[in-house]
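Single-structure report; data block below.
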Amino acid sequence: MSLKRLPFLLLLLAFALSGTSILRAETQSGDLAYKVVQMLEEEHFLQEPFNDKMSARVLEGYLEMLDFSRIYFTKEDVDGFRARHETTIDDQVRNESIPAAYEIYKVYQERIASRVTMAQKLAKPETFTYDSDRTVQISRKDLDWAPAGEAHDQLWRNLIEGDLIREKLIADALAEEEAEERAEKLEKGEPIEEKSEEAEKEAGKSIYEKVSDRYDRIQKRVDENQTEDVATLFIKAIARAYDPHSEYFSQQQYDNFQIGMNKSLTGIGAMLQKDEDQGGATIEGLVVGGPAFKGGNLEVKDRVIGVAQGDGEFVDVVEMKLSDIVDLIRGEVGSKVRLKVVPAGKTSGVKLVDIQRDKIDLKDSLATADLIKTQDPTGKDQKLGWITLPSFYADMAGGSTSTTTDVMNLLTRLTIEGIDGLVVDLRDNGGGSLEEAINMTGLFIRRGPVVQAVDSRSRVGQKASSNIEAVYGGPLIVLVNHASASASEIFAAALQDYGRAVIVGDGSTFGKGTVQQLRPVLSNRLVLPFNRETNQQGALKLTIQTFYRINGYSTQRDGVVPDVQLPSILDIAEIGEATLPFALDVKPIPPAGYQPFFENPLPIDLLSQASAGRVSTGQAFEYILKDIEEEKKRIEENKISLNLAERKREVEEDKQEAEDRKEERIERFAKIREEEKDLFTIYKLTQDNFRDEDLTLRDDLSAEDLSGMSRGKEDEKEEDNKALEYPHKFDPYERETVHIMQDLIAISKTGQPVNISEATPMQRDKTVPIPARNQEATQAN
């Protein structure tokens, strides 16, 4: 055989091996998809077969995942997908194959490549005049895909023109800001800092290069997905066809999910972000006390370009996905990892950093509390507690991490300090552990039912508090918003049904009234005595129950409607269970047997009326109400101009309004600070300091102290920024909640709130059932 032919034969062999690898991956993915379908059919709440209806749902869900904005595929593409796969995906999966996933993704890659090429051709100085009367839609989610040809091309001309206008406006704003900052420093005689190499390089790019680079990054992200990644996305679409909260996790995603729930991991203690421009991963934060932080050789904004295990060879990670880089850096406690790093602010030159891995505790989302020392409106000393809970976390592996334990620690200290009232802040708390929500509810009620649940066989069960008496029985408010979901809603609903707490917040909470359970997806579903070893292929989070309030109604879709409602822009945002595809519908069930916590109902009407008066006359909520109306108009119009002069005029108007608000706020906040001087003293309790004999002032703790994460040297705040901080760091919702709490305390003593108004409270949605507050007791039928 001629040696000249050897490279050609080796190339053929490489292609053959590559093809074999891809085929094997596709076969394994088909097997995995079938296992997931079997689990959904057997164990999901709906108990529905994976049939043509589910097939159509999977297809639509997969298309939405890939092309949510409906700009890459054409109408012909989608019509073809529907014709070939709408009623056949179920058959494909039963044959342990998912060809639809790869066929559609291949077309997606081709469309991305085609559109990126077009974008780069259009992103040139001579392409657009920016003086037309054309517009482009802000959201295309309710529009059909554009037909191939001129319609699709015109859509993209509009999109690129819009991108260029946006970059032009951003560049102008940054240039103006830098010029003003430079002039101010020159006037004060302050030195002007030189930009880093990286910043200089970015600043030197034209708007055309920036838009072109953005689409390059999109292309790169799409192309870096392997067969397994495409399959994972498709299997997620299969799970979500049953309901929006059923989800498949690859093994990598499952590990990350557990870290989020356990609040701990094993690694170096660094937060990474993919560097889309130069490759690798940028250090965005270091866990205080973690191995990387203690080593002192790794800094925020360093860029990791290589990873080595122990004394082994470095693996180049410049072109790797972030999740793969993270996997290389994590490892066993006590093991060594070496990083090849480009120092912060540099584009060249490297340093090598050795780090010994250890267990890392994540503090940024643990429960914390504020002790607010103030005076009531009569001048008497008053102490308020404020517990902030970002999620209902728990150790999924049976460890000691517990929301209830952490809240109990804080609550005990607040009680020792003699608080007159307590706020539990669940804003943006998306839920977590059902058991933790039940146990935490038990801190505030006597022994009794907390939540009801119905399974796939229509069997009704109850979960109850085990505490004989409440740990805290004083005035209580639960603050929520439209993003408070699941376990948060169980907690808020139970306390509302018992008449135990006043619920304050947006028009309603999220509306998730279903229970999920994580189950491993195993390569051997049937484990034989002689084959105990199983290979886990990720996990399936599937809906197994719907939960109900103890009054018999569900929070599903409707959420928890607060007793005292405050205006919020989240109420018009498209978030919430009712907006999600295939969200379950449920009907009421008989109520559980329970008794109200107090002999007399809470004074909801008085509290609502007093709050309405403050909201209607307060400047802070006036801005919020105006923003709500403007956002409603923007959503209704759903378009943005492609005329540069028109956009500049809009920017100037927005800038002037922002400047007017800024000046008004600075003046108003200064006045409030003067009027409320020495009125509030606020201490911070954390899981690290709640046992300390001396209290720590909240303002004495840095963001690094509170989060446990070092994010590098922060620029000193400008005088205006400090002046724009909310007085006492109470945002409008927190300040109003403090007023509502003071009213609640005052009513308990005098029968009247601090002040009353003729203003009309926000009206409840009449379609949402509200529990009766005056009932003596409710019996299950």
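Just so we're on the same page: first chain in the structure tokens is A, next is B, and so on; residues restart at 1 for each chain, and ligands are numbered from 1 in the order they show up.
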Item checked: Within 7 Å of A:Ala292 using only C-alpha atoms, minus same-chain residues under 6 positions, as a PyMOL selection string -> chain A and resi 268-270+286+298+355
Notebook entry, point to check: Per DSSP on the backbone, what are the helix (DSSP H, G or I) residues of stretch 368-418 of chain A, as a ChimeraX atom specification?
Noted result: /A:403-416
Residues as selected, all heavy atoms, written as a short mmCIF file (atom, residue, chain, number, x, y, z; two decimals), in the first residue's frame, can you do that?
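And here is the file that came out, part.cif:
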data_model
loop_
_atom_site.label_atom_id
_atom_site.label_comp_id
_atom_site.auth_asym_id
_atom_site.auth_seq_id
_atom_site.Cartn_x
_atom_site.Cartn_y
_atom_site.Cartn_z
N THR A 403 -34.50 24.76 55.77
CA THR A 403 -35.10 26.09 55.86
C THR A 403 -35.72 26.31 57.24
O THR A 403 -35.52 27.36 57.86
CB THR A 403 -36.21 26.25 54.79
OG1 THR A 403 -35.63 26.10 53.49
CG2 THR A 403 -36.87 27.61 54.88
N THR A 404 -36.50 25.35 57.71
CA THR A 404 -37.21 25.50 58.97
C THR A 404 -36.25 25.71 60.13
O THR A 404 -36.47 26.56 61.00
CB THR A 404 -38.10 24.27 59.24
OG1 THR A 404 -38.94 24.03 58.11
CG2 THR A 404 -38.97 24.48 60.47
N THR A 405 -35.17 24.95 60.14
CA THR A 405 -34.17 25.11 61.20
C THR A 405 -33.55 26.50 61.17
O THR A 405 -33.40 27.15 62.21
CB THR A 405 -33.06 24.04 61.06
OG1 THR A 405 -33.64 22.74 61.17
CG2 THR A 405 -32.00 24.21 62.14
N ASP A 406 -33.21 26.96 59.98
CA ASP A 406 -32.59 28.28 59.85
C ASP A 406 -33.56 29.39 60.27
O ASP A 406 -33.18 30.34 60.96
CB ASP A 406 -32.13 28.51 58.41
CG ASP A 406 -30.91 27.67 58.05
OD1 ASP A 406 -30.35 27.03 58.96
OD2 ASP A 406 -30.53 27.65 56.86
N VAL A 407 -34.82 29.28 59.84
CA VAL A 407 -35.83 30.29 60.22
C VAL A 407 -36.09 30.23 61.72
O VAL A 407 -36.24 31.27 62.38
CB VAL A 407 -37.13 30.09 59.41
CG1 VAL A 407 -38.26 30.97 59.97
CG2 VAL A 407 -36.90 30.41 57.94
N MET A 408 -36.12 29.03 62.26
CA MET A 408 -36.32 28.87 63.71
C MET A 408 -35.21 29.57 64.49
O MET A 408 -35.47 30.24 65.51
CB MET A 408 -36.35 27.38 64.05
CG MET A 408 -36.52 27.08 65.52
SD MET A 408 -38.15 27.55 66.14
CE MET A 408 -38.06 26.89 67.79
N ASN A 409 -33.98 29.45 64.02
CA ASN A 409 -32.86 30.12 64.68
C ASN A 409 -33.05 31.63 64.70
O ASN A 409 -32.85 32.29 65.72
CB ASN A 409 -31.55 29.77 63.97
CG ASN A 409 -31.14 28.32 64.17
OD1 ASN A 409 -31.53 27.68 65.15
ND2 ASN A 409 -30.37 27.79 63.23
N LEU A 410 -33.43 32.18 63.56
CA LEU A 410 -33.64 33.62 63.45
C LEU A 410 -34.83 34.06 64.29
O LEU A 410 -34.79 35.09 64.99
CB LEU A 410 -33.85 34.01 61.99
CG LEU A 410 -32.70 33.69 61.03
CD1 LEU A 410 -33.14 33.93 59.59
CD2 LEU A 410 -31.47 34.52 61.35
N LEU A 411 -35.91 33.28 64.21
CA LEU A 411 -37.13 33.61 64.94
C LEU A 411 -36.91 33.59 66.44
O LEU A 411 -37.41 34.46 67.18
CB LEU A 411 -38.24 32.63 64.53
CG LEU A 411 -39.64 32.87 65.10
CD1 LEU A 411 -40.15 34.25 64.73
CD2 LEU A 411 -40.59 31.79 64.59
N THR A 412 -36.14 32.63 66.90
CA THR A 412 -35.84 32.55 68.33
C THR A 412 -35.11 33.80 68.81
O THR A 412 -35.45 34.37 69.85
CB THR A 412 -34.99 31.30 68.63
OG1 THR A 412 -35.72 30.13 68.23
CG2 THR A 412 -34.66 31.20 70.11
N ARG A 413 -34.12 34.23 68.02
CA ARG A 413 -33.38 35.43 68.41
C ARG A 413 -34.27 36.67 68.37
O ARG A 413 -34.23 37.52 69.26
CB ARG A 413 -32.16 35.62 67.51
CG ARG A 413 -31.31 36.85 67.87
CD ARG A 413 -30.80 36.77 69.32
NE ARG A 413 -30.10 37.99 69.72
CZ ARG A 413 -28.79 38.15 69.62
NH1 ARG A 413 -28.02 37.19 69.11
NH2 ARG A 413 -28.24 39.27 70.03
N LEU A 414 -35.10 36.77 67.34
CA LEU A 414 -36.02 37.92 67.25
C LEU A 414 -36.99 37.94 68.43
O LEU A 414 -37.30 39.01 68.97
CB LEU A 414 -36.79 37.86 65.92
CG LEU A 414 -35.98 38.14 64.65
CD1 LEU A 414 -36.84 37.84 63.42
CD2 LEU A 414 -35.48 39.58 64.61
N THR A 415 -37.46 36.76 68.82
CA THR A 415 -38.38 36.67 69.96
C THR A 415 -37.68 37.09 71.25
O THR A 415 -38.25 37.81 72.08
CB THR A 415 -38.93 35.23 70.09
OG1 THR A 415 -39.55 34.85 68.86
CG2 THR A 415 -39.94 35.14 71.20
N ILE A 416 -36.44 36.66 71.42
CA ILE A 416 -35.66 37.07 72.59
C ILE A 416 -35.49 38.59 72.63
O ILE A 416 -35.54 39.21 73.69
CB ILE A 416 -34.27 36.37 72.57
CG1 ILE A 416 -34.43 34.87 72.83
CG2 ILE A 416 -33.32 37.00 73.59
CD1 ILE A 416 -33.16 34.08 72.60
#
Check: Which of these, A:Pro590, A:Glu247, A:Thr127, A:Pro603, has the shortest distance to A:Pro520 once you count only C-alpha atoms?
Finding: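 With only C-alpha atoms as the atom set, the closest residue is A:Glu247.
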Note to self: I'd like the interatomic distance between atom CA of A:Glu657 and atom CA of A:Pro727, to a tenth of an Å.
What the structure shows: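 Here the two named atoms are 21.7 Å from each other.
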Item checked: Counting only C-alpha atoms, the residue of A:Arg661, A:Leu744, A:Arg557, A:Val478 that sits nearest A:Ala610 -> A:Leu744
Notebook entry, point to check: Excluding same-chain residues fewer than 4 positions from A:Glu86, what lies within 10 Å of it counting only C-alpha atoms, as a VMD selection string?
Noted result: chain A and resid 52 to 60 79 to 82 90 100
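Pairwise distance (atom CA of A:Arg221, atom CA of A:Gly279) equals 11.4 Å.
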Notebook entry, point to check: In Å to one decimal, how far is atom CA of A:Lys236 from atom CA of A:Leu580?
Noted result: 15.0 Å
Item checked: Those in stretch 323-367 of chain A with strand (DSSP E or B) from DSSP, as a ChimeraX atom specification -> /A:336-342,351-356,358-361
